[in-house]
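Undergrad: Input file: data_33.cif. Contents: mmCIF, C-alpha atoms and all ligand atoms.
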```cif
data_coords
loop_
_atom_site.label_atom_id
_atom_site.label_comp_id
_atom_site.auth_asym_id
_atom_site.auth_seq_id
_atom_site.Cartn_x
_atom_site.Cartn_y
_atom_site.Cartn_z
CA MET A 1 203.39 166.66 84.86
CA THR A 2 204.43 163.39 83.21
CA ILE A 3 206.75 160.76 84.54
CA ARG A 4 209.23 158.59 82.60
CA ARG A 5 209.15 155.22 84.30
CA SER A 6 212.42 153.49 83.52
CA ALA A 7 211.88 149.76 83.92
CA VAL A 8 215.62 149.22 84.18
CA LEU A 9 216.38 151.46 87.15
CA ALA A 10 213.73 151.72 89.88
CA THR A 11 213.59 155.46 90.44
CA LEU A 12 211.56 155.46 93.56
CA ILE A 13 213.41 155.61 96.79
CA ILE A 14 211.12 154.73 99.64
CA ALA A 15 211.87 155.42 103.21
CA LEU A 16 211.11 151.88 104.17
CA CYS A 17 214.43 152.02 105.73
CA GLY A 18 213.55 149.97 108.78
CA LEU A 19 211.29 152.74 109.96
CA PHE A 20 207.59 152.12 109.98
CA GLY A 21 206.50 155.68 110.53
CA ILE A 22 204.82 156.68 113.68
CA ALA A 23 205.79 160.10 114.79
CA SER A 24 205.10 163.77 114.81
CA VAL A 25 207.38 166.44 113.53
CA GLN A 26 209.39 168.10 116.24
CA VAL A 27 212.67 169.80 115.46
CA LEU A 28 215.35 171.26 117.69
CA ILE A 29 216.94 174.30 116.16
CA ALA A 30 220.42 175.30 117.24
CA ALA A 31 220.19 178.62 119.09
CA PRO A 32 221.69 181.46 117.02
CA PRO A 33 224.99 182.73 118.47
CA LYS A 34 224.60 185.32 121.28
CA SER A 35 225.71 188.79 120.02
CA GLY A 36 228.54 189.19 122.62
CA ASP A 37 229.92 185.76 121.88
CA LYS A 38 233.09 186.57 119.87
CA LYS A 39 234.04 182.95 119.28
CA ALA A 40 230.52 182.15 118.04
CA LYS A 41 230.64 185.26 115.84
CA SER A 42 233.95 184.28 114.27
CA ARG A 43 232.67 180.68 113.91
CA SER A 44 229.58 181.83 111.97
CA SER A 45 231.54 184.29 109.85
CA ASN A 46 234.05 181.48 109.12
CA SER A 47 231.26 179.14 108.01
CA LYS A 48 229.80 181.98 105.92
CA SER A 49 233.14 182.58 104.20
CA ALA A 50 233.68 178.80 103.85
CA LYS A 51 230.27 178.56 102.18
CA LYS A 52 231.13 181.53 99.89
CA LYS A 53 234.50 179.93 99.00
CA SER A 54 232.80 176.58 98.23
CA GLY A 55 230.38 178.34 95.90
CA ASP A 56 227.47 177.35 98.09
CA ARG A 57 224.79 180.02 97.78
CA PRO A 58 221.03 179.89 98.24
CA PHE A 59 219.48 178.27 95.15
CA LYS A 60 217.46 180.45 92.79
CA LYS A 61 213.71 180.20 92.42
CA GLY A 62 212.82 178.48 89.16
CA PRO A 63 210.00 177.29 86.89
CA ARG A 64 209.42 174.10 88.88
CA GLU A 65 207.87 176.12 91.71
CA LYS A 66 205.03 177.22 89.43
CA GLU A 67 204.63 173.66 88.08
CA PHE A 68 204.09 172.37 91.62
CA VAL A 69 201.92 175.31 92.70
CA ASP A 70 199.65 174.77 89.66
CA ALA A 71 199.53 171.04 90.40
CA VAL A 72 198.63 171.21 94.12
CA GLY A 73 196.41 174.30 94.05
CA GLU A 74 195.58 177.06 96.54
CA ASP A 75 195.23 174.88 99.65
CA TYR A 76 198.98 174.61 99.72
CA ARG A 77 201.17 177.36 101.16
CA VAL A 78 204.52 178.04 99.50
CA LYS A 79 207.52 178.15 101.89
CA PRO A 80 210.86 178.88 100.24
CA THR A 81 214.07 178.19 102.17
CA ASP A 82 217.65 178.76 100.97
CA HIS A 83 217.75 175.47 99.05
CA PHE A 84 214.18 174.11 98.98
CA ILE A 85 210.73 175.15 97.84
CA VAL A 86 208.27 173.59 100.27
CA LEU A 87 204.59 173.30 99.41
CA THR A 88 202.47 172.38 102.38
CA ASN A 89 198.99 172.14 103.83
CA ALA A 90 200.20 170.87 107.23
CA ASP A 91 199.69 172.79 110.50
CA GLU A 92 201.81 175.94 110.70
CA ALA A 93 203.40 175.00 114.07
CA ILE A 94 204.59 171.72 112.58
CA VAL A 95 205.86 173.38 109.39
CA LYS A 96 207.84 175.91 111.46
CA ASP A 97 209.86 173.03 112.87
CA PHE A 98 210.09 171.11 109.60
CA LEU A 99 211.77 173.83 107.51
CA PRO A 100 214.97 174.22 109.59
CA ARG A 101 215.34 170.41 109.56
CA LEU A 102 215.63 170.53 105.76
CA GLU A 103 218.33 173.22 105.85
CA LYS A 104 220.24 171.45 108.64
CA THR A 105 220.30 168.32 106.55
CA TYR A 106 221.47 170.43 103.59
CA SER A 107 224.42 171.74 105.62
CA SER A 108 225.32 168.22 106.75
CA VAL A 109 225.17 166.71 103.26
CA HIS A 110 226.98 169.67 101.65
CA ARG A 111 229.80 169.46 104.23
CA PHE A 112 230.01 165.69 103.71
CA VAL A 113 230.28 165.82 99.90
CA ASP A 114 232.84 168.62 100.22
CA GLN A 115 234.90 166.66 102.78
CA VAL A 116 234.82 163.46 100.72
CA GLY A 117 236.30 165.52 97.89
CA VAL A 118 233.57 164.98 95.27
CA LYS A 119 233.10 168.00 93.00
CA ILE A 120 229.72 169.54 93.78
CA LYS A 121 227.50 170.68 90.93
CA TYR A 122 224.65 172.82 92.21
CA PRO A 123 221.11 172.46 90.86
CA LYS A 124 219.73 175.40 88.85
CA GLU A 125 216.82 175.99 91.22
CA LYS A 126 215.42 175.26 94.68
CA LEU A 127 214.48 171.63 95.30
CA PRO A 128 210.75 170.85 95.59
CA VAL A 129 209.39 169.24 98.77
CA LEU A 130 205.72 168.41 99.39
CA PHE A 131 204.68 168.28 103.05
CA CYS A 132 201.12 167.02 103.46
CA HIS A 133 198.68 167.32 106.36
CA ASP A 134 198.12 163.57 106.72
CA PHE A 135 198.73 160.17 105.13
CA ASP A 136 195.63 160.18 102.88
CA GLU A 137 196.59 163.53 101.38
CA TYR A 138 200.19 162.38 100.97
CA SER A 139 199.15 159.16 99.20
CA ALA A 140 196.73 161.08 96.93
CA ARG A 141 199.50 163.50 95.94
CA CYS A 142 201.88 160.60 95.35
CA LYS A 143 199.31 159.09 92.98
CA GLN A 144 198.75 162.46 91.28
CA PHE A 145 202.45 162.91 90.51
CA THR A 146 203.63 159.37 89.96
CA GLY A 147 200.59 157.34 89.07
CA GLN A 148 200.93 155.15 92.16
CA PRO A 149 199.67 155.63 95.73
CA ALA A 150 202.24 155.82 98.54
CA PRO A 151 203.08 152.49 100.20
CA GLY A 152 201.42 152.41 103.63
CA GLU A 153 204.63 151.85 105.53
CA ALA A 154 206.60 154.55 103.71
CA ALA A 155 206.97 157.53 106.00
CA GLY A 156 208.61 159.61 103.29
CA LEU A 157 209.52 159.31 99.63
CA TYR A 158 212.11 160.71 97.26
CA TRP A 159 211.38 160.48 93.54
CA ARG A 160 214.50 160.70 91.43
CA ASP A 161 214.65 162.30 87.98
CA PRO A 162 212.64 163.31 86.10
CA LEU A 163 210.27 164.26 88.94
CA ASN A 164 213.05 164.86 91.44
CA PHE A 165 211.00 165.83 94.50
CA SER A 166 210.46 164.53 98.00
CA LEU A 167 207.16 163.96 99.76
CA PHE A 168 206.30 163.74 103.46
CA TYR A 169 203.31 163.96 105.77
CA ASP A 170 202.79 165.16 109.31
CA MET A 171 203.03 162.03 111.39
CA SER A 172 201.46 163.58 114.45
CA GLN A 173 198.22 162.94 112.57
CA VAL A 174 198.90 159.21 112.63
CA SER A 175 196.32 157.25 114.67
CA PHE A 176 199.01 155.60 116.84
CA ILE A 177 200.28 158.97 118.05
CA LYS A 178 196.78 160.33 118.56
CA GLU A 179 195.64 157.23 120.49
CA THR A 180 198.76 157.14 122.64
CA THR A 181 198.56 160.87 123.36
CA ALA A 182 194.89 160.48 124.34
CA LYS A 183 195.76 157.52 126.58
CA ALA A 184 198.44 159.55 128.40
CA GLU A 185 196.05 162.49 128.76
CA GLN A 186 193.33 160.23 130.22
CA LEU A 187 195.75 158.73 132.73
CA LYS A 188 196.77 162.21 133.88
CA GLN A 189 193.13 163.20 134.38
CA ASP A 190 192.45 159.95 136.29
CA ALA A 191 195.49 160.60 138.46
CA ALA A 192 194.22 164.08 139.28
CA LYS A 193 190.94 162.55 140.52
CA THR A 194 192.55 159.66 142.45
CA PRO A 195 192.74 160.35 146.20
CA ASP A 196 195.06 157.37 146.86
CA ARG A 197 198.65 158.60 146.66
CA ASN A 198 200.18 155.33 145.38
CA ALA A 199 197.46 154.85 142.77
CA LYS A 200 197.95 158.47 141.65
CA GLN A 201 201.74 157.96 141.33
CA ALA A 202 201.22 154.74 139.35
CA LYS A 203 198.89 156.45 136.86
CA LEU A 204 201.30 159.36 136.41
CA ARG A 205 204.21 156.95 135.85
CA GLU A 206 202.21 155.10 133.20
CA ALA A 207 201.25 158.40 131.52
CA ASN A 208 204.93 159.42 131.39
CA TRP A 209 205.85 156.06 129.91
CA TYR A 210 203.46 156.65 127.01
CA ILE A 211 204.76 160.20 126.53
CA ASN A 212 208.35 158.88 126.42
CA ARG A 213 207.39 156.27 123.85
CA ILE A 214 205.94 158.97 121.61
CA ALA A 215 209.08 161.07 122.05
CA ILE A 216 211.28 158.12 121.01
CA TYR A 217 209.12 157.48 117.95
CA GLN A 218 209.25 161.18 117.12
CA GLN A 219 213.02 161.08 117.39
CA GLU A 220 213.61 157.85 115.59
CA GLN A 221 210.83 157.70 113.11
CA ASN A 222 210.20 161.15 111.77
CA ARG A 223 213.43 163.04 112.02
CA SER A 224 215.33 160.08 110.62
CA VAL A 225 212.87 159.68 107.75
CA VAL A 226 212.96 163.36 106.76
CA GLN A 227 216.75 163.50 107.01
CA HIS A 228 217.14 160.17 105.16
CA GLU A 229 214.94 161.17 102.22
CA VAL A 230 216.27 164.72 101.97
CA ALA A 231 219.80 163.28 102.05
CA HIS A 232 218.85 161.18 98.99
CA GLN A 233 217.46 164.27 97.26
CA LEU A 234 220.65 166.23 97.98
CA LEU A 235 223.17 163.48 97.20
CA PHE A 236 221.58 163.18 93.75
CA ASN A 237 221.16 166.94 93.20
CA LEU A 238 224.69 167.84 94.33
CA GLN A 239 225.89 165.12 91.93
CA PHE A 240 227.37 162.77 94.52
CA HIS A 241 225.19 160.20 92.79
CA LYS A 242 224.24 160.33 89.11
CA ALA A 243 220.54 159.64 88.47
CA ASP A 244 220.63 157.75 85.16
CA VAL A 245 223.27 155.11 85.96
CA ASP A 246 223.03 151.91 88.00
CA ASN A 247 223.93 153.03 91.53
CA PRO A 248 224.56 150.11 93.92
CA GLN A 249 221.50 150.01 96.18
CA TRP A 250 223.50 149.41 99.36
CA PHE A 251 225.63 152.46 98.50
CA VAL A 252 222.67 154.79 97.87
CA GLU A 253 220.79 153.63 100.97
CA GLY A 254 223.93 153.43 103.10
CA MET A 255 224.85 157.02 102.29
CA ALA A 256 221.34 158.25 103.20
CA THR A 257 221.37 156.36 106.53
CA LEU A 258 224.53 158.26 107.49
CA PHE A 259 222.33 161.37 107.82
CA GLU A 260 219.56 159.82 109.93
CA PRO A 261 221.01 160.69 113.35
CA PRO A 262 220.11 164.26 114.36
CA PRO A 263 223.18 166.51 114.16
CA GLY A 264 224.76 166.38 117.63
CA LYS A 265 227.31 168.63 119.32
CA SER A 266 229.91 166.99 117.11
CA GLY A 267 228.26 168.60 114.12
CA ALA A 268 226.84 166.94 111.02
CA GLY A 269 224.88 163.71 111.34
CA PHE A 270 227.30 161.62 109.28
CA ASN A 271 229.92 161.80 112.01
CA VAL A 272 227.48 160.48 114.56
CA ILE A 273 227.15 156.69 114.97
CA ASN A 274 223.66 155.63 113.86
CA GLN A 275 222.86 153.70 117.03
CA SER A 276 219.59 152.31 115.71
CA ARG A 277 221.34 150.80 112.67
CA LEU A 278 224.34 149.64 114.68
CA GLY A 279 222.05 147.89 117.15
CA GLU A 280 220.38 146.05 114.29
CA ILE A 281 223.53 144.79 112.56
CA ARG A 282 226.30 144.30 115.12
CA ASP A 283 225.44 140.69 116.07
CA ALA A 284 225.16 139.65 112.41
CA LEU A 285 228.57 141.17 111.64
CA VAL A 286 230.26 139.08 114.34
CA VAL A 287 229.53 135.93 112.31
CA MET A 288 229.73 137.45 108.80
CA LYS A 289 231.63 135.39 106.22
CA THR A 290 233.56 136.87 103.28
CA ASP A 291 231.12 135.30 100.81
CA ASP A 292 228.19 137.00 102.56
CA LEU A 293 229.93 140.36 102.22
CA LYS A 294 230.84 139.72 98.58
CA ASN A 295 227.20 138.81 97.79
CA PHE A 296 226.00 141.94 99.54
CA ILE A 297 228.39 144.24 97.64
CA SER A 298 227.72 142.66 94.25
CA ARG A 299 223.94 142.20 94.53
CA GLN A 300 221.75 143.75 91.85
CA ARG A 301 218.79 145.97 92.66
CA THR A 302 215.81 143.64 93.16
CA GLY A 303 213.18 145.64 95.01
CA MET A 304 213.41 146.72 98.63
CA LEU A 305 216.29 146.05 100.98
CA SER A 306 215.30 144.36 104.22
CA SER A 307 215.60 146.34 107.44
CA GLN A 308 218.84 144.43 108.15
CA GLY A 309 219.95 145.25 104.60
CA TYR A 310 219.64 148.94 105.44
CA ALA A 311 221.60 148.46 108.66
CA GLN A 312 224.35 146.59 106.80
CA SER A 313 224.41 149.34 104.15
CA TRP A 314 224.93 151.87 106.94
CA ALA A 315 227.76 149.80 108.46
CA LEU A 316 229.63 149.38 105.17
CA CYS A 317 229.25 153.06 104.22
CA TYR A 318 230.26 154.25 107.70
CA TYR A 319 233.37 152.01 107.47
CA LEU A 320 234.29 153.37 104.02
CA VAL A 321 233.83 156.99 105.15
CA LYS A 322 235.94 156.45 108.27
CA ARG A 323 238.60 153.98 107.08
CA LYS A 324 238.70 154.29 103.30
CA SER A 325 238.20 158.05 102.89
CA LYS A 326 241.00 158.36 100.29
CA GLU A 327 239.55 155.65 98.06
CA LEU A 328 235.90 156.75 98.45
CA PRO A 329 235.85 159.65 95.90
CA LYS A 330 237.42 157.30 93.33
CA TYR A 331 234.53 154.84 93.82
CA VAL A 332 231.97 157.66 93.57
CA GLU A 333 233.45 158.83 90.26
CA LEU A 334 233.71 155.27 88.91
CA ILE A 335 229.98 154.67 89.50
CA LYS A 336 229.09 157.98 87.85
CA LYS A 337 230.98 156.86 84.74
CA ARG A 338 228.82 153.70 84.43
CA PRO A 339 226.77 153.28 81.22
CA VAL A 340 223.44 155.12 81.26
CA ASP A 341 220.37 153.02 81.91
CA ARG A 342 222.13 149.68 82.07
CA MET A 343 222.02 147.45 85.14
CA LEU A 344 225.44 146.00 85.88
CA SER A 345 226.06 142.32 86.63
CA THR A 346 227.02 141.08 90.08
CA LYS A 347 230.54 140.43 88.72
CA GLU A 348 230.84 144.02 87.48
CA ASN A 349 229.55 145.40 90.80
CA LEU A 350 232.19 143.49 92.76
CA ALA A 351 234.94 144.40 90.28
CA ASP A 352 234.18 148.12 90.62
CA PHE A 353 234.28 147.87 94.41
CA GLU A 354 237.58 145.95 94.46
CA LYS A 355 239.13 148.34 91.91
CA CYS A 356 238.82 151.08 94.53
CA PHE A 357 238.89 149.40 97.96
CA GLY A 358 241.00 146.29 97.28
CA LYS A 359 240.11 142.62 97.33
CA VAL A 360 237.12 141.60 99.43
CA ASN A 361 238.83 138.71 101.23
CA ASP A 362 239.00 137.45 104.82
CA VAL A 363 241.38 140.26 105.82
CA PHE A 364 239.02 142.93 104.44
CA THR A 365 235.99 141.29 106.03
CA LYS A 366 237.76 141.01 109.40
CA LYS A 367 238.83 144.67 109.35
CA PHE A 368 235.32 145.84 108.41
CA THR A 369 233.38 143.70 110.89
CA SER A 370 235.74 144.27 113.82
CA TYR A 371 235.78 148.04 113.20
CA ILE A 372 231.95 148.25 113.32
CA THR A 373 231.42 145.78 116.18
CA LYS A 374 233.96 147.70 118.29
CA LEU A 375 232.04 150.99 117.94
CA PRO A 376 230.49 152.21 121.21
CA TYR A 377 226.89 150.95 121.27
CA LEU A 378 224.18 152.61 123.37
CA PRO A 379 221.09 150.35 123.44
CA PRO A 380 217.76 152.31 123.30
CA GLN A 381 216.52 153.23 126.83
ZN ZN B 1 216.40 155.41 101.31
#
```
Produce structure tokens that represent the structure in this file.
Ligand SMILES: [Zn+2]

TA:
Amino acid sequence: MTIRRSAVLATLIIALCGLFGIASVQVLIAAPPKSGDKKAKSRSSNSKSAKKKSGDRPFKKGPREKEFVDAVGEDYRVKPTDHFIVLTNADEAIVKDFLPRLEKTYSSVHRFVDQVGVKIKYPKEKLPVLFCHDFDEYSARCKQFTGQPAPGEAAGLYWRDPLNFSLFYDMSQVSFIKETTAKAEQLKQDAAKTPDRNAKQAKLREANWYINRIAIYQQEQNRSVVQHEVAHQLLFNLQFHKADVDNPQWFVEGMATLFEPPPGKSGAGFNVINQSRLGEIRDALVVMKTDDLKNFISRQRTGMLSSQGYAQSWALCYYLVKRKSKELPKYVELIKKRPVDRMLSTKENLADFEKCFGKVNDVFTKKFTSYITKLPYLPPQ
């Protein structure tokens, strides 16, 4: 499998997105509707008919599956889902949780693109995903397919065209998780042997603290990374973004961060406030000047965004989705009409934005920053 490395447009999208991966894969799957539950029944039949109407069907199997199977060899098991072909050598219990997470993210992204009003073009075949047992395997496969090892801090990767696949590893194999789990286990055993009641309670409290920390990392680090990267893969493959034009980096990353929060009761992730990103950017927005915002919108792609850059991308995209929903599809189409393989100037980037959303002036900046800083913020516990 060869790769065309376009010097002009960096095609690697790394999940450096503020998340330095430490986690293990755990996924909550929504319980299927109980048979007697009429409302639930009509809800699921409605979503089925909505899917049918929107032309959304499971993707076909295609030649890429064999390409990947031949490339990774027999150690990898092939797990097809409605829209993905997953090749994995990770533990089965972990994989069982990973697969539904992909399809949940698919439903969220599909609903989002449909609601924004961008015409969806479906890929010809299922989308390839590699899910490796541990980091070393993951980095070796990254090198095999792309010629470069995976960056140590990248918890997941999405490679745009022509490779067009995403790559993850089971983070429960990460030393931090293993060490912390062992520490908690040891404390529990010590507590069991400790006759003194207070000392026993103290050890159990400390053990629970470690277990909670792991749970938070699991929540924040892994789910967000998988959903972020798969959102990239889907936003390109459903043609929300076009691969061979200069997509504003803040827009591509901002859109993917919308899908980091796990889908809550209110449905798809993009409706849920990304508390981790909000927490990172809200203070900076209070003092943001119009020139700062203009520079951010017009900047050219120059390597990785900072963690705050990702948080600001989330804030701007969340604002556009919520407050500029009529103008948003126009901006999406305008970017897709950009010249192939040419990086636009900062002036052109700003002009395209203002053509759709109006002048970026003090009024715009005030509306944007006050909207985001007034969102309900729940600091991490
Ligand atoms: Zn990203």

Undergrad: Measuring atom to atom with all atoms listed in the file, identify which of A:Asn274, A:Ser306, A:Gln201, A:Thr181 is nearest to ligand ZN 1 (chain B).

TA: A:Ser306

Undergrad: Residues at most 12 Å from A:Leu378, counting only C-alpha atoms, excluding those fewer than 3 positions away in the same chain, as an mmCIF file with C-alpha atoms, in the frame of the given file?

TA:
```cif
data_model
loop_
_atom_site.group_PDB
_atom_site.id
_atom_site.type_symbol
_atom_site.label_atom_id
_atom_site.label_comp_id
_atom_site.auth_asym_id
_atom_site.auth_seq_id
_atom_site.Cartn_x
_atom_site.Cartn_y
_atom_site.Cartn_z
ATOM 1 C CA ILE A 273 227.150 156.690 114.970
ATOM 2 C CA ASN A 274 223.660 155.630 113.860
ATOM 3 C CA GLN A 275 222.860 153.700 117.030
ATOM 4 C CA SER A 276 219.590 152.310 115.710
ATOM 5 C CA ARG A 277 221.340 150.800 112.670
ATOM 6 C CA LEU A 278 224.340 149.640 114.680
ATOM 7 C CA GLY A 279 222.050 147.890 117.150
ATOM 8 C CA GLU A 280 220.380 146.050 114.290
ATOM 9 C CA ARG A 282 226.300 144.300 115.120
ATOM 10 C CA LEU A 375 232.040 150.990 117.940
ATOM 11 C CA GLN A 381 216.520 153.230 126.830
#
```

Undergrad: Applying 10 Å and all atoms listed in the file, which residues near A:Leu99 remain after dropping the ones on its own chain fewer than 6 positions away? List them as a ChimeraX atom specification.

TA: /A:27,79-81,84-86

Undergrad: Between A:Lys188, A:Arg160, A:Lys359, A:Arg342, which residue has the minimum interatomic distance to ligand ZN 1 (chain B), considering only C-alpha atoms and all ligand atoms?

TA: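 Between A:Lys188, A:Arg160, A:Lys359, A:Arg342, the residue approaching ligand ZN 1 (chain B) most closely is A:Arg160.
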
Undergrad: Would you mind listing what lies within 12 Å of A:Ala191 as a VMD selection string, with all atoms listed in the file counted and same-chain residues fewer than 6 positions away left out?

TA: chain A and resid 184 to 185 197 to 208

Undergrad: How far is it from atom CA of A:Leu102 to atom CA of A:Gln227, in Å with one decimal?

TA: 7.2 Å

Undergrad: Measure the distance from atom CA of A:Gly62 to atom CA of A:Glu125 in Å and round it to one decimal.

TA: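 Atom-to-atom, atom CA of A:Gly62 and atom CA of A:Glu125 are spaced 5.1 Å apart.
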
Undergrad: Would you kindly return, as an mmCIF file with C-alpha atoms, keeping the file's coordinate frame, each protein, DNA or RNA residue with an atom no farther than 10 Å from any atom of stretch 129-139 of chain A, considering all atoms listed in the file and excluding same-chain residues fewer than 5 positions away?

TA:
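Final file, out.cif:
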```cif
data_model
loop_
_atom_site.group_PDB
_atom_site.id
_atom_site.type_symbol
_atom_site.label_atom_id
_atom_site.label_comp_id
_atom_site.auth_asym_id
_atom_site.auth_seq_id
_atom_site.Cartn_x
_atom_site.Cartn_y
_atom_site.Cartn_z
ATOM 1 C CA GLU A 65 207.870 176.120 91.710
ATOM 2 C CA PHE A 68 204.090 172.370 91.620
ATOM 3 C CA VAL A 72 198.630 171.210 94.120
ATOM 4 C CA TYR A 76 198.980 174.610 99.720
ATOM 5 C CA ARG A 77 201.170 177.360 101.160
ATOM 6 C CA VAL A 78 204.520 178.040 99.500
ATOM 7 C CA LYS A 79 207.520 178.150 101.890
ATOM 8 C CA PRO A 80 210.860 178.880 100.240
ATOM 9 C CA PHE A 84 214.180 174.110 98.980
ATOM 10 C CA ILE A 85 210.730 175.150 97.840
ATOM 11 C CA VAL A 86 208.270 173.590 100.270
ATOM 12 C CA LEU A 87 204.590 173.300 99.410
ATOM 13 C CA THR A 88 202.470 172.380 102.380
ATOM 14 C CA ASN A 89 198.990 172.140 103.830
ATOM 15 C CA ALA A 90 200.200 170.870 107.230
ATOM 16 C CA ASP A 91 199.690 172.790 110.500
ATOM 17 C CA ILE A 94 204.590 171.720 112.580
ATOM 18 C CA VAL A 95 205.860 173.380 109.390
ATOM 19 C CA PHE A 98 210.090 171.110 109.600
ATOM 20 C CA LEU A 102 215.630 170.530 105.760
ATOM 21 C CA GLN A 144 198.750 162.460 91.280
ATOM 22 C CA GLN A 148 200.930 155.150 92.160
ATOM 23 C CA PRO A 149 199.670 155.630 95.730
ATOM 24 C CA ALA A 150 202.240 155.820 98.540
ATOM 25 C CA PRO A 151 203.080 152.490 100.200
ATOM 26 C CA GLY A 152 201.420 152.410 103.630
ATOM 27 C CA ALA A 154 206.600 154.550 103.710
ATOM 28 C CA ALA A 155 206.970 157.530 106.000
ATOM 29 C CA GLY A 156 208.610 159.610 103.290
ATOM 30 C CA LEU A 157 209.520 159.310 99.630
ATOM 31 C CA TYR A 158 212.110 160.710 97.260
ATOM 32 C CA ASN A 164 213.050 164.860 91.440
ATOM 33 C CA PHE A 165 211.000 165.830 94.500
ATOM 34 C CA SER A 166 210.460 164.530 98.000
ATOM 35 C CA LEU A 167 207.160 163.960 99.760
ATOM 36 C CA PHE A 168 206.300 163.740 103.460
ATOM 37 C CA TYR A 169 203.310 163.960 105.770
ATOM 38 C CA ASP A 170 202.790 165.160 109.310
ATOM 39 C CA MET A 171 203.030 162.030 111.390
ATOM 40 C CA SER A 172 201.460 163.580 114.450
ATOM 41 C CA GLN A 173 198.220 162.940 112.570
ATOM 42 C CA VAL A 174 198.900 159.210 112.630
ATOM 43 C CA VAL A 230 216.270 164.720 101.970
ATOM 44 C CA GLN A 233 217.460 164.270 97.260
#
```

Undergrad: Looking at A:Gly73, A:Asp114, A:Met288, A:Asp190, which one is nearest to A:Phe364, with distances taken over all atoms listed in the file?

TA: A:Met288

Undergrad: Could you write out as JSON the box around stretch 292-309 of chain A (axis-aligned, all atoms listed in the file, 5 Å on each side), with centre and edge lengths in Å to one decimal?

TA:
```
{"center_x": 222.0, "center_y": 141.9, "center_z": 100.0, "size_x": 27.7, "size_y": 19.7, "size_z": 26.3}
```

Undergrad: Do you have the atom CA of A:Ser345-atom CA of A:Ser313 distance handy?

TA: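 Taking atom CA of A:Ser345 as the start and atom CA of A:Ser313 as the end point, the length is 18.9 Å.
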
Undergrad: Looking at A:Ser175, A:Thr290, A:Gln239, A:Thr369, which one is nearest to A:Tyr318, with distances taken over only C-alpha atoms?

TA: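 Nearest candidate to A:Tyr318 out of A:Ser175, A:Thr290, A:Gln239, A:Thr369: A:Thr369.
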